[in-house]
$ cat query_38.cif   # mmCIF, C-alpha atoms
data_entry
loop_
_atom_site.label_atom_id
_atom_site.label_comp_id
_atom_site.auth_asym_id
_atom_site.auth_seq_id
_atom_site.Cartn_x
_atom_site.Cartn_y
_atom_site.Cartn_z
CA MET A 1 -16.69 -39.04 -17.16
CA GLY A 2 -14.07 -38.80 -14.41
CA ILE A 3 -12.73 -35.74 -12.63
CA ALA A 4 -9.01 -35.12 -13.10
CA THR A 5 -7.07 -33.60 -10.23
CA ARG A 6 -4.24 -31.11 -10.74
CA SER A 7 -1.45 -30.02 -8.50
CA ALA A 8 -1.06 -26.32 -7.66
CA ASP A 9 1.89 -26.07 -10.05
CA GLU A 10 -0.07 -27.70 -12.85
CA ALA A 11 -3.06 -25.43 -12.26
CA THR A 12 -0.78 -22.40 -12.33
CA ALA A 13 0.85 -23.50 -15.60
CA LEU A 14 -2.59 -24.03 -17.17
CA ALA A 15 -3.69 -20.58 -16.02
CA ILE A 16 -0.61 -18.94 -17.55
CA LYS A 17 -1.21 -20.78 -20.86
CA ALA A 18 -4.86 -19.67 -20.81
CA LEU A 19 -3.60 -16.09 -20.60
CA GLY A 20 -1.51 -16.61 -23.74
CA LEU A 21 1.84 -16.61 -21.91
CA ASP A 22 4.70 -19.10 -21.68
CA PRO A 23 4.75 -20.84 -18.26
CA GLU A 24 8.49 -21.41 -18.71
CA VAL A 25 9.02 -17.64 -18.70
CA PHE A 26 6.25 -16.10 -16.59
CA VAL A 27 4.61 -16.73 -13.24
CA LEU A 28 1.24 -15.40 -12.13
CA GLU A 29 2.79 -12.80 -9.83
CA TYR A 30 4.53 -11.09 -12.76
CA PRO A 31 3.01 -7.86 -14.12
CA GLU A 32 2.70 -9.51 -17.53
CA ALA A 33 0.36 -12.17 -16.13
CA ILE A 34 -1.67 -9.72 -14.04
CA CYS A 35 -2.15 -7.47 -17.07
CA ALA A 36 -3.13 -10.46 -19.22
CA SER A 37 -5.70 -11.43 -16.59
CA LEU A 38 -7.09 -7.89 -16.53
CA ARG A 39 -7.35 -7.88 -20.33
CA ARG A 40 -9.10 -11.25 -20.38
CA ALA A 41 -11.57 -10.16 -17.70
CA ALA A 42 -12.22 -6.94 -19.60
CA SER A 43 -12.90 -8.84 -22.81
CA PHE A 44 -15.92 -10.47 -21.14
CA LEU A 45 -17.05 -7.71 -18.76
CA CYS A 46 -16.68 -4.40 -20.58
CA PRO A 47 -18.20 -1.92 -20.34
CA THR A 48 -17.55 -2.15 -16.63
CA THR A 49 -16.12 -0.21 -13.73
CA PRO A 50 -12.44 -0.26 -12.76
CA ARG A 51 -13.37 -1.64 -9.33
CA LEU A 52 -15.19 -4.67 -10.75
CA LEU A 53 -12.34 -5.37 -13.15
CA VAL A 54 -9.75 -5.28 -10.36
CA ASP A 55 -11.97 -7.44 -8.12
CA THR A 56 -12.40 -10.03 -10.87
CA ALA A 57 -8.69 -10.34 -11.60
CA MET A 58 -7.85 -10.68 -7.91
CA GLU A 59 -10.60 -13.27 -7.41
CA VAL A 60 -9.17 -15.38 -10.23
CA LEU A 61 -5.47 -15.04 -9.43
CA ASN A 62 -5.24 -14.97 -5.63
CA PRO A 63 -6.31 -18.60 -4.99
CA LEU A 64 -3.28 -19.71 -7.04
CA LEU A 65 -0.74 -17.44 -5.33
CA ASP A 66 1.26 -17.95 -2.14
CA GLU A 67 0.91 -14.24 -1.32
CA PRO A 68 -2.31 -12.52 -2.44
CA LEU A 69 -2.07 -9.52 -4.71
CA GLY A 70 -2.69 -6.10 -3.21
CA ARG A 71 -5.48 -3.98 -4.63
CA ASP A 72 -3.16 -1.01 -5.19
CA GLN A 73 -0.81 -3.16 -7.25
CA VAL A 74 -3.56 -4.42 -9.54
CA ALA A 75 -5.22 -1.00 -9.81
CA SER A 76 -1.89 0.57 -10.77
CA LEU A 77 -1.44 -1.93 -13.60
CA LEU A 78 -5.01 -1.26 -14.74
CA ASP A 79 -4.17 2.44 -14.98
CA GLN A 80 -1.23 1.53 -17.20
CA LEU A 81 -3.50 -0.47 -19.52
CA ILE A 82 -5.74 2.59 -19.79
CA SER A 83 -2.73 4.78 -20.50
CA THR A 84 -1.53 2.47 -23.27
CA GLY A 85 -4.94 2.33 -24.95
CA ASP A 86 -5.87 -1.28 -24.18
CA LEU A 87 -8.90 0.16 -22.39
CA LEU A 88 -10.79 3.41 -22.89
CA GLU A 89 -12.08 5.30 -19.86
CA LEU A 90 -15.21 7.42 -20.08
CA THR A 91 -17.00 9.26 -17.31
CA GLU A 92 -20.78 9.13 -17.06
CA ALA A 93 -22.50 11.73 -14.90
CA GLY A 94 -25.62 10.58 -13.06
CA LEU A 95 -28.06 12.45 -10.85
CA ASP A 96 -26.17 11.75 -7.64
CA ARG A 97 -22.75 10.51 -8.67
CA THR A 98 -20.19 10.23 -11.46
CA THR A 99 -19.22 6.78 -12.71
CA ARG A 100 -16.02 5.74 -14.47
CA LEU A 101 -16.67 3.10 -17.12
CA LEU A 102 -14.07 1.17 -19.09
CA TYR A 103 -14.54 0.08 -22.69
CA LEU A 104 -12.40 -2.17 -24.90
CA GLY A 105 -9.80 -0.27 -26.89
CA PRO A 106 -9.81 -1.02 -30.65
CA PRO A 107 -7.18 -3.48 -31.95
CA THR A 108 -4.38 -1.24 -33.21
CA TYR A 109 -0.63 -1.05 -33.72
CA VAL A 110 1.94 1.73 -33.57
CA GLU A 111 5.33 1.45 -35.23
CA LYS A 112 8.23 1.67 -32.79
CA VAL A 113 10.92 0.91 -35.38
CA PRO A 114 10.52 -1.02 -38.66
CA GLY A 115 9.68 -4.62 -37.77
CA ARG A 116 8.64 -3.84 -34.17
CA TYR A 117 5.13 -2.66 -33.39
CA LEU A 118 3.39 -1.74 -30.17
CA LEU A 119 0.06 -3.59 -29.92
CA THR A 120 -2.90 -2.06 -28.12
CA GLY A 121 -6.54 -2.92 -27.69
CA ILE A 122 -8.56 -5.94 -26.60
CA ARG A 123 -10.87 -8.20 -28.61
CA PRO A 124 -14.15 -9.39 -27.07
CA SER A 125 -14.69 -12.83 -25.53
CA GLY A 126 -11.03 -13.60 -24.90
CA ALA A 127 -10.04 -13.65 -28.58
CA PRO A 128 -6.29 -13.17 -29.17
CA LEU A 129 -5.21 -9.76 -30.41
CA ALA A 130 -2.68 -11.16 -32.90
CA PRO A 131 -2.73 -14.52 -34.73
CA ASP A 132 -0.33 -17.34 -33.84
CA GLY A 133 1.92 -16.54 -36.80
CA ILE A 134 2.97 -13.18 -35.33
CA ALA A 135 5.53 -13.28 -32.51
CA VAL A 136 4.55 -11.12 -29.55
CA GLU A 137 6.92 -10.02 -26.78
CA TYR A 138 5.48 -9.23 -23.35
CA GLU A 139 7.19 -6.77 -21.02
CA GLY A 140 5.23 -5.32 -18.11
CA HIS A 141 1.95 -4.02 -19.47
CA MET A 142 3.37 -3.71 -22.99
CA ARG A 143 2.97 -6.03 -25.98
CA THR A 144 5.27 -5.75 -28.99
CA ALA A 145 4.79 -7.59 -32.29
CA VAL A 146 8.06 -8.61 -33.94
CA ILE A 147 7.79 -9.28 -37.67
CA GLU A 148 10.62 -10.05 -40.07
CA GLY A 149 10.57 -9.96 -43.84
CA PRO A 150 9.14 -7.57 -46.43
CA ASP A 151 6.00 -5.54 -45.83
CA PRO A 152 5.52 -6.51 -42.16
CA GLU A 153 2.57 -4.17 -41.74
CA ARG A 154 0.58 -6.12 -44.31
CA ARG A 155 0.42 -9.03 -41.86
CA LEU A 156 -0.87 -6.74 -39.15
CA ARG A 157 -3.54 -5.32 -41.44
CA GLU A 158 -4.58 -8.82 -42.47
CA ALA A 159 -5.06 -9.57 -38.76
CA ASP A 160 -7.56 -6.68 -38.58
CA LEU A 161 -5.17 -4.46 -36.65
CA HIS A 162 -5.38 -0.80 -37.58
CA ARG A 163 -2.40 1.50 -37.80
CA ILE A 164 -2.22 4.61 -35.63
CA GLY A 165 0.37 7.28 -36.28
CA THR A 166 2.77 8.13 -33.48
CA LYS A 167 1.45 11.66 -32.85
CA GLN A 168 -2.16 10.51 -32.95
CA TRP A 169 -1.49 7.67 -30.50
CA ILE A 170 0.42 9.85 -28.06
CA GLY A 171 -2.35 12.48 -28.10
CA GLN A 172 0.00 15.24 -26.98
CA PRO A 173 -1.94 18.41 -26.04
CA LYS A 174 -1.21 21.79 -27.55
CA THR A 175 1.65 23.79 -26.11
CA VAL A 176 0.76 26.60 -23.71
CA SER A 177 2.68 28.30 -20.94
CA ALA A 178 2.31 27.12 -17.37
CA ARG A 179 0.83 30.52 -16.43
CA GLU A 180 -1.81 30.23 -19.19
CA TYR A 181 -2.82 26.78 -18.02
CA VAL A 182 -3.10 27.88 -14.40
CA GLU A 183 -5.09 31.00 -15.31
CA HIS A 184 -7.54 28.95 -17.37
CA HIS A 185 -8.42 26.87 -14.31
CA ARG A 186 -8.52 29.92 -12.04
CA GLU A 187 -11.07 31.53 -14.34
CA ARG A 188 -13.20 28.39 -14.28
CA LEU A 189 -12.99 28.28 -10.49
CA SER A 190 -14.06 31.93 -10.19
CA VAL A 191 -17.46 31.11 -11.70
CA ALA A 192 -17.81 27.65 -10.14
CA ARG A 193 -20.40 26.69 -7.55
CA ALA A 194 -19.77 27.26 -3.87
CA ALA A 195 -18.01 24.27 -2.39
CA GLY A 196 -19.42 24.02 1.13
CA ALA A 197 -18.00 21.54 3.61
CA ILE A 198 -16.17 18.55 2.05
CA ASP A 199 -15.48 15.65 4.37
CA GLY A 200 -12.35 13.68 3.50
CA LEU A 201 -10.89 16.28 1.12
CA THR A 202 -7.15 15.91 0.47
CA ILE A 203 -4.88 18.26 -1.48
CA ILE A 204 -1.39 18.27 -2.96
CA ASP A 205 0.84 20.38 -0.73
CA PRO A 206 2.64 22.94 -2.91
CA ALA A 207 5.41 23.33 -0.34
CA ALA A 208 6.15 19.60 -0.08
CA LYS A 209 9.12 18.12 -1.89
CA PRO A 210 7.98 17.46 -5.48
CA THR A 211 10.26 14.45 -5.84
CA TYR A 212 8.20 12.52 -3.25
CA TYR A 213 4.73 12.39 -4.78
CA ARG A 214 2.97 10.33 -2.09
CA GLY A 215 4.31 12.63 0.61
CA ARG A 216 2.70 15.67 -1.01
CA TRP A 217 -0.85 14.60 -0.15
CA ARG A 218 -2.43 15.92 3.05
CA SER A 219 -5.64 17.35 4.48
CA PRO A 220 -6.21 21.13 4.22
CA SER A 221 -4.91 23.22 7.12
CA ALA A 222 -5.83 26.68 8.45
CA GLY A 223 -3.04 28.43 6.58
CA ASP A 224 -4.03 27.18 3.11
CA ASN A 225 -5.12 29.93 0.71
CA GLY A 226 -5.35 29.65 -3.05
CA ASP A 227 -6.11 26.99 -5.65
CA PHE A 228 -5.11 23.36 -5.13
CA VAL A 229 -5.37 20.03 -6.90
CA GLY A 230 -7.31 17.66 -4.68
CA ARG A 231 -9.41 14.55 -4.35
CA ARG A 232 -12.74 14.20 -2.62
CA PRO A 233 -14.61 11.03 -1.69
CA GLN A 234 -17.91 10.02 -3.24
CA ALA A 235 -20.51 7.57 -2.01
CA TYR A 236 -19.51 4.90 -4.52
CA GLY A 237 -16.27 4.36 -6.38
CA ALA A 238 -12.86 5.97 -6.26
CA ASP A 239 -12.27 9.47 -4.95
CA LEU A 240 -12.94 12.22 -7.49
CA TRP A 241 -10.18 14.48 -8.81
CA CYS A 242 -10.95 18.16 -8.39
CA VAL A 243 -9.58 21.68 -8.24
CA VAL A 244 -10.52 23.53 -5.06
CA ARG A 245 -10.10 27.10 -3.90
CA LEU A 246 -9.32 27.35 -0.19
CA THR A 247 -9.62 30.33 2.13
CA ASN A 248 -7.93 29.76 5.49
CA GLY A 249 -8.16 26.03 4.82
CA SER A 250 -11.92 26.04 4.09
CA PRO A 251 -13.24 25.11 0.61
CA GLU A 252 -14.72 28.14 -1.14
CA ARG A 253 -15.20 26.93 -4.73
CA LEU A 254 -14.69 23.58 -6.44
CA ILE A 255 -14.77 22.01 -9.90
CA ASP A 256 -14.51 18.31 -10.62
CA LEU A 257 -12.17 17.01 -13.30
CA PRO A 258 -12.12 16.43 -16.19
CA LEU A 259 -13.40 19.80 -17.32
CA GLY A 260 -16.28 19.99 -19.76
CA ARG A 261 -16.68 17.08 -22.15
CA SER A 262 -13.04 16.12 -22.23
CA VAL A 263 -12.42 12.41 -22.84
CA SER A 264 -9.00 12.54 -21.18
CA PRO A 265 -8.85 10.91 -17.74
CA ALA A 266 -9.37 13.22 -14.79
CA ARG A 267 -5.97 12.33 -13.39
CA ASP A 268 -4.30 13.55 -16.61
CA GLN A 269 -5.77 17.02 -16.15
CA ALA A 270 -4.98 16.97 -12.43
CA TRP A 271 -1.34 16.00 -12.88
CA ARG A 272 -0.84 18.51 -15.67
CA LEU A 273 -2.40 21.27 -13.59
CA GLN A 274 -0.15 20.40 -10.65
CA ALA A 275 2.87 20.51 -12.98
CA ALA A 276 1.73 23.95 -14.15
CA LEU A 277 1.25 25.17 -10.57
CA ASP A 278 4.73 23.95 -9.64
CA ALA A 279 6.34 25.54 -12.71
CA ASP A 280 4.47 28.82 -12.21
CA ARG A 281 5.75 28.87 -8.61
CA GLY A 282 9.33 28.47 -9.84
CA THR A 283 9.73 24.86 -8.69
CA PRO A 284 9.12 22.82 -11.85
CA LEU A 285 8.90 19.05 -11.68
CA ASP A 286 12.19 17.35 -12.32
CA PHE A 287 13.19 14.27 -14.25
CA ARG A 288 16.66 12.74 -14.22
CA VAL A 289 18.63 10.98 -16.92
CA THR A 290 21.71 8.93 -16.17
CA ALA A 291 24.02 7.40 -18.76
CA ILE A 292 24.30 3.63 -18.50
CA PRO A 293 27.95 2.98 -17.53
CA GLY A 294 30.38 1.16 -19.78
CA GLN A 295 29.19 2.71 -23.04
CA VAL A 296 31.52 4.86 -25.15
CA PRO A 297 29.91 6.70 -26.77
CA VAL A 298 26.77 6.68 -24.63
CA GLU A 299 24.06 4.61 -26.29
CA GLU A 300 21.38 4.44 -23.57
CA TYR A 301 20.15 6.37 -20.55
CA ILE A 302 18.01 5.58 -17.53
CA ALA A 303 15.23 8.16 -17.27
CA ASP A 304 13.85 8.50 -13.74
CA MET A 305 10.46 10.08 -13.03
CA PHE A 306 9.52 11.25 -9.55
CA SER A 307 5.89 12.19 -10.15
CA PRO A 308 3.06 10.54 -12.09
CA LEU A 309 2.83 11.54 -15.74
CA PRO A 310 -0.29 12.08 -17.83
CA SER A 311 -1.19 9.40 -20.34
CA TRP A 312 0.40 11.07 -23.37
CA ALA A 313 3.81 11.33 -21.66
CA GLU A 314 3.63 7.71 -20.51
CA ARG A 315 2.71 6.61 -24.02
CA TYR A 316 5.70 8.45 -25.43
CA LEU A 317 8.01 6.77 -22.93
CA GLU A 318 6.52 3.39 -23.74
CA LEU A 319 7.11 3.96 -27.43
CA ILE A 320 10.74 5.03 -27.19
CA GLY A 321 11.89 3.09 -24.14
CA THR A 322 11.59 0.04 -21.94
CA THR A 323 10.46 -0.09 -18.33
CA VAL A 324 13.16 -1.12 -15.83
CA ASP A 325 13.32 -1.51 -12.07
CA ARG A 326 12.89 1.95 -10.61
CA SER A 327 15.98 3.74 -9.43
CA ARG A 328 16.39 4.67 -5.79
CA GLY A 329 13.93 7.46 -4.95
CA ALA A 330 12.17 7.35 -8.33
CA LEU A 331 8.49 6.61 -8.86
CA PHE A 332 9.32 4.71 -12.07
CA SER A 333 12.18 4.42 -14.54
CA TYR A 334 12.71 3.73 -18.25
CA ARG A 335 15.70 2.76 -20.36
CA ILE A 336 15.83 4.95 -23.46
CA PRO A 337 18.24 5.18 -26.39
CA ALA A 338 20.51 8.21 -26.53
CA ASN A 339 19.00 9.38 -29.83
CA ALA A 340 15.57 9.64 -28.15
CA LEU A 341 16.72 11.96 -25.36
CA ASP A 342 16.04 15.24 -27.17
CA GLY A 343 12.54 14.11 -28.12
CA LEU A 344 11.75 13.11 -24.55
CA ARG A 345 12.99 16.43 -23.21
CA SER A 346 10.86 18.27 -25.76
CA VAL A 347 7.68 16.39 -24.82
CA LEU A 348 8.13 16.84 -21.08
CA THR A 349 9.18 20.48 -21.20
CA ASP A 350 6.61 21.54 -23.81
CA THR A 351 3.57 19.91 -22.19
CA LEU A 352 4.52 19.65 -18.49
CA TRP A 353 7.12 22.42 -18.10
CA MET A 354 9.54 19.96 -16.45
CA SER A 355 13.28 20.40 -16.06
CA MET A 356 15.90 17.75 -16.84
CA THR A 357 18.91 17.01 -14.68
CA LYS A 358 21.82 14.71 -15.41
CA GLY A 359 22.51 11.99 -12.87
CA GLU A 360 25.89 10.57 -11.95
CA ASN A 361 26.77 6.91 -12.31
CA GLN A 362 27.18 5.17 -9.00
#
$ encode --input "query_38.cif" --output "structure tokens"
Amino acid sequence: MGIATRSADEATALAIKALGLDPEVFVLEYPEAICASLRRAASFLCPTTPRLLVDTAMEVLNPLLDEPLGRDQVASLLDQLISTGDLLELTEAGLDRTTRLLYLGPPTYVEKVPGRYLLTGIRPSGAPLAPDGIAVEYEGHMRTAVIEGPDPERRLREADLHRIGTKQWIGQPKTVSAREYVEHHRERLSVARAAGAIDGLTIIDPAAKPTYYRGRWRSPSAGDNGDFVGRRPQAYGADLWCVVRLTNGSPERLIDLPLGRSVSPARDQAWRLQAALDADRGTPLDFRVTAIPGQVPVEEYIADMFSPLPSWAERYLELIGTTVDRSRGALFSYRIPANALDGLRSVLTDTLWMSMTKGENQ
């Protein structure tokens, strides 16, 4: 039996086909291919850690790329797969450290509009989520089944995909005021263990411009007093999310997130708490909507977000809109239909106390 040689282009095309994508449409550098690689790796490795999953995808893809993928890029896409429900994240507490483990999400679908269904979940051992007879569109980390004809959901059920209602899939938390949410964490901090010295602690600066998320992170300084969202390093794995009480810049009390036995990711609680702190201070997080020019009446808007959103808000955006290239200054952007604007405003103001501004067309 002979050994066949393949050119780099041929090897790349074979890799894209193995991921279930069309090599005429996608290349390995595209988010769709990176996400497909992460899903395939997860189907064989889970339960596993986020670090191992990112390492595996990079090890497979980078030899075929002219420019290697950056870890932050792949890790960011992995977070989006967790947000969508392709992967489930659980935290396991050990004697000396806390470990994040990822599990395969169950094969499910959520109706976007009749005939179009968001697909989530991963089957073990590289098995396809939907059979060949169901057309699937890939856009970023999202997969949408497109089915024509009567009773389209019957075909999804026959493929062992389970329906999830919109509200259940979004998992929107109950509505409370920003002050109530802040006070709940302050009460927990008041009875928390003493923090002691914490090397490498970083906090979100409440005075920094909220529209530049990365620029808000810094080390504590002598003038810091009060409660802050922070991250602290651990011996193994990613930095832990926490809430820390500082007195003259020194940690006094600390609690790690998520609180209690919550199954929501730690970052969801951290970002919601920071939104509550900002709103309670009178500087709520902002999101901007801009009408797409040339439409009379307006049919679509670009919604720009300047700070990370918890999973339920991202899921809502993914259900009603489509990711687009981020606008100048934005962290990420979505195109949404005009009739979804009120619903989006309700979700973001009810759960994150955000304010909406209208942008001007350039």
$ resolve_selection --input "query_38.cif" --expression "the PyMOL selection byres ((chain A and resi 323) around 10)" --output "list in words"
Glu139, Gly140, His141, Met142, Ile302, Ala303, Leu317, Glu318, Gly321, Thr322, Val324, Asp325, Arg326, Phe332, Ser333, Tyr334, Arg335 and Ile336 of chain A
$ residues_around --input "query_38.cif" --residues "A:Pro220" --least-positions-apart "2" --cutoff "8 Å" --atoms "all atoms listed in the file" --output "PyMOL selection string"
chain A and resi 201-203+218+222+224+249-250
$ closest_atom_pairs --input "query_38.cif" --of "stretch 131-202 of chain A" --to "stretch 228-237 of chain A" --cutoff "12 Å" --atoms "only C-alpha atoms" --output "tab-separated table"
residue	atom	partner	partner_atom	distance
A:Val182	CA	A:Phe228	CA	10.5
A:His185	CA	A:Phe228	CA	10.4
A:Arg186	CA	A:Phe228	CA	10.1
A:Leu189	CA	A:Phe228	CA	10.7
A:Ala195	CA	A:Arg232	CA	11.4
A:Ala197	CA	A:Arg232	CA	11.0
A:Ile198	CA	A:Arg232	CA	7.2
A:Asp199	CA	A:Arg232	CA	7.6
A:Gly200	CA	A:Arg232	CA	6.2
A:Leu201	CA	A:Arg232	CA	4.7
A:Thr202	CA	A:Gly230	CA	5.4
$ write_last_selection --input "query_38.cif" --atoms "C-alpha atoms" --output "PDB file, in the coordinates of the input"
ATOM      1  CA  VAL A 182      -3.100  27.880 -14.400  1.00  0.00           C
ATOM      2  CA  HIS A 185      -8.420  26.870 -14.310  1.00  0.00           C
ATOM      3  CA  ARG A 186      -8.520  29.920 -12.040  1.00  0.00           C
ATOM      4  CA  LEU A 189     -12.990  28.280 -10.490  1.00  0.00           C
ATOM      5  CA  ALA A 195     -18.010  24.270  -2.390  1.00  0.00           C
ATOM      6  CA  ALA A 197     -18.000  21.540   3.610  1.00  0.00           C
ATOM      7  CA  ILE A 198     -16.170  18.550   2.050  1.00  0.00           C
ATOM      8  CA  ASP A 199     -15.480  15.650   4.370  1.00  0.00           C
ATOM      9  CA  GLY A 200     -12.350  13.680   3.500  1.00  0.00           C
ATOM     10  CA  LEU A 201     -10.890  16.280   1.120  1.00  0.00           C
ATOM     11  CA  THR A 202      -7.150  15.910   0.470  1.00  0.00           C
TER      12      THR A 202
END
$ closest_atom_pairs --input "query_38.cif" --of "stretch 106-216 of chain A" --to "stretch 281-288 of chain A" --cutoff "9 Å" --atoms "only C-alpha atoms" --output "tab-separated table"
residue	atom	partner	partner_atom	distance
A:Pro206	CA	A:Arg281	CA	8.8
A:Pro210	CA	A:Leu285	CA	6.5
A:Thr211	CA	A:Asp286	CA	7.4
$ atom_distance --input "query_38.cif" --atom1 "atom CA of A:Thr49" --atom2 "atom CA of A:Pro310"
20.5 Å
$ residues_around --input "query_38.cif" --residues "A:Pro107" --least-positions-apart "3" --cutoff "12 Å" --atoms "only C-alpha atoms" --output "VMD selection string"
chain A and resid 84 to 88 104 110 118 to 124 127 to 130 156 to 157 159 to 164
